[in-house]
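What follows is a short report on a single structure.
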Amino acid sequence: MRILLFDYDGTLAPLVSDTAKVPPSADLMKNLVRLSTHKNTFVYIVSGRDRNNLQELFANPAIGIVAEHGMVVRHPHTTQLEPYFASPPDLSWLPRVHQTMADISAQAPGSRVESKPSGLCFHYRRCCGDTGEHSAQEIRTALERDGTLMAGVEVISGNKVVEARCRGVNKGAMVSRILDKFLLPGEHPHPPNSDHPQDGTSDRTPSFVLCMGDDRTDEDMFAVCNHLSPLAASCSTVIVGPRRPTLARHSLAGCAEALQLVSLLAAVTD
Ligand SMILES: [Mg+2]
């Protein structure tokens, strides 16, 4: 069994000022769908993007998606989103954090605040000079000062973005749950490309796991995947982009190389 986990922005798509304008290329879609039709192969896009946007970009149900850093998952060959939390999380902090971000954003031309169903992002890629970094620090400081708020909120600094999201879930937590689904018999729906019997009694141990990402939020899933052994015969964690401290065991120079790898994997025949 092979489980392939890909971050999207910065990994399979270049980082640009307006991420909404970067849909997957026809080639990438073709390769991901082709990969997902390989026998016993399960493909997931694991992203921080909001669920609606990610469902639009990856409408083909052959491809699994994890949105909002692990808040929801759509397993490959299914159409329903499953939430990470059994009961809806407390999101009463959203308006207050939105106000804080919006006030600071108003003083930083080029920045914008993005609302997601379970969090908020302050984007500052288009800010000039140090304005964006200063504003980002101002937001972090303001949120950290608010102790009551911080109890339920986690503040993450990504690539030209500060994100406030529900505490208790991240890409690693959801990836861990996904891998459990394949490891534990009986509960997982059997996609059409599986040769496992319908009674779920077979050995579902992944024989190969590939996990690729480019930023801080991907380190959580690298940590989970690195500790899979000996459950997985082979596990490759790959950082994409400029060298920096990381838990990933392998590296690729950038998106072009990552896309080339996907293309090569898709071309392999079972
Ligand atoms: Mg990324």
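Chain labels run A, B, ... following the order of the structure tokens; each chain numbers its residues from 1, and ligands are numbered from 1 in the order shown.
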
So that I can see what lies close to stretch 96-99 of chain A, please list as a compact mmCIF listing (two decimals) with C-alpha atoms, in the first residue's frame the residues with an atom at most 9 Å from it, counting only C-alpha atoms and leaving out residues fewer than 3 positions away in the same chain.
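Output contents, as saved in out.txt:
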```
# COMPACT_ATOMS: atom_id res chain seq x y z
CA SER A 92 -16.40 32.36 19.55
CA TRP A 93 -12.92 33.94 19.34
CA ALA A 102 -8.39 44.04 10.41
CA ASP A 103 -7.30 47.06 12.50
CA ILE A 104 -3.62 46.29 11.93
CA VAL A 113 -7.23 39.32 6.15
CA SER A 115 -11.53 34.37 6.80
CA LEU A 120 -8.15 33.66 10.14
CA CYS A 121 -5.05 34.58 8.16
CA LEU A 143 -2.97 38.00 20.44
CA LEU A 149 -8.29 34.24 23.82
CA ALA A 164 -4.92 32.04 14.01
```

Query raised in the report: Got a sec: who's within 7 Å of A:Arg51, counting only C-alpha atoms, leaving out chain neighbours fewer than 3 positions off, as number ranges by chain?
Result: A: 54-55, 67-68

Query raised in the report: For ligand 1, which residue among A:Ala173, A:Leu15, A:Ala248, A:Leu265 is the nearest when counting only C-alpha atoms and all ligand atoms?
Result: A:Leu15

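Coordinates place atom CA of A:Ser36 at a distance of 6.2 Å from atom CA of A:Ala62.
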
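Between atom CA of A:Ala256 and atom CA of A:Leu179 there is a distance of 27.6 Å.
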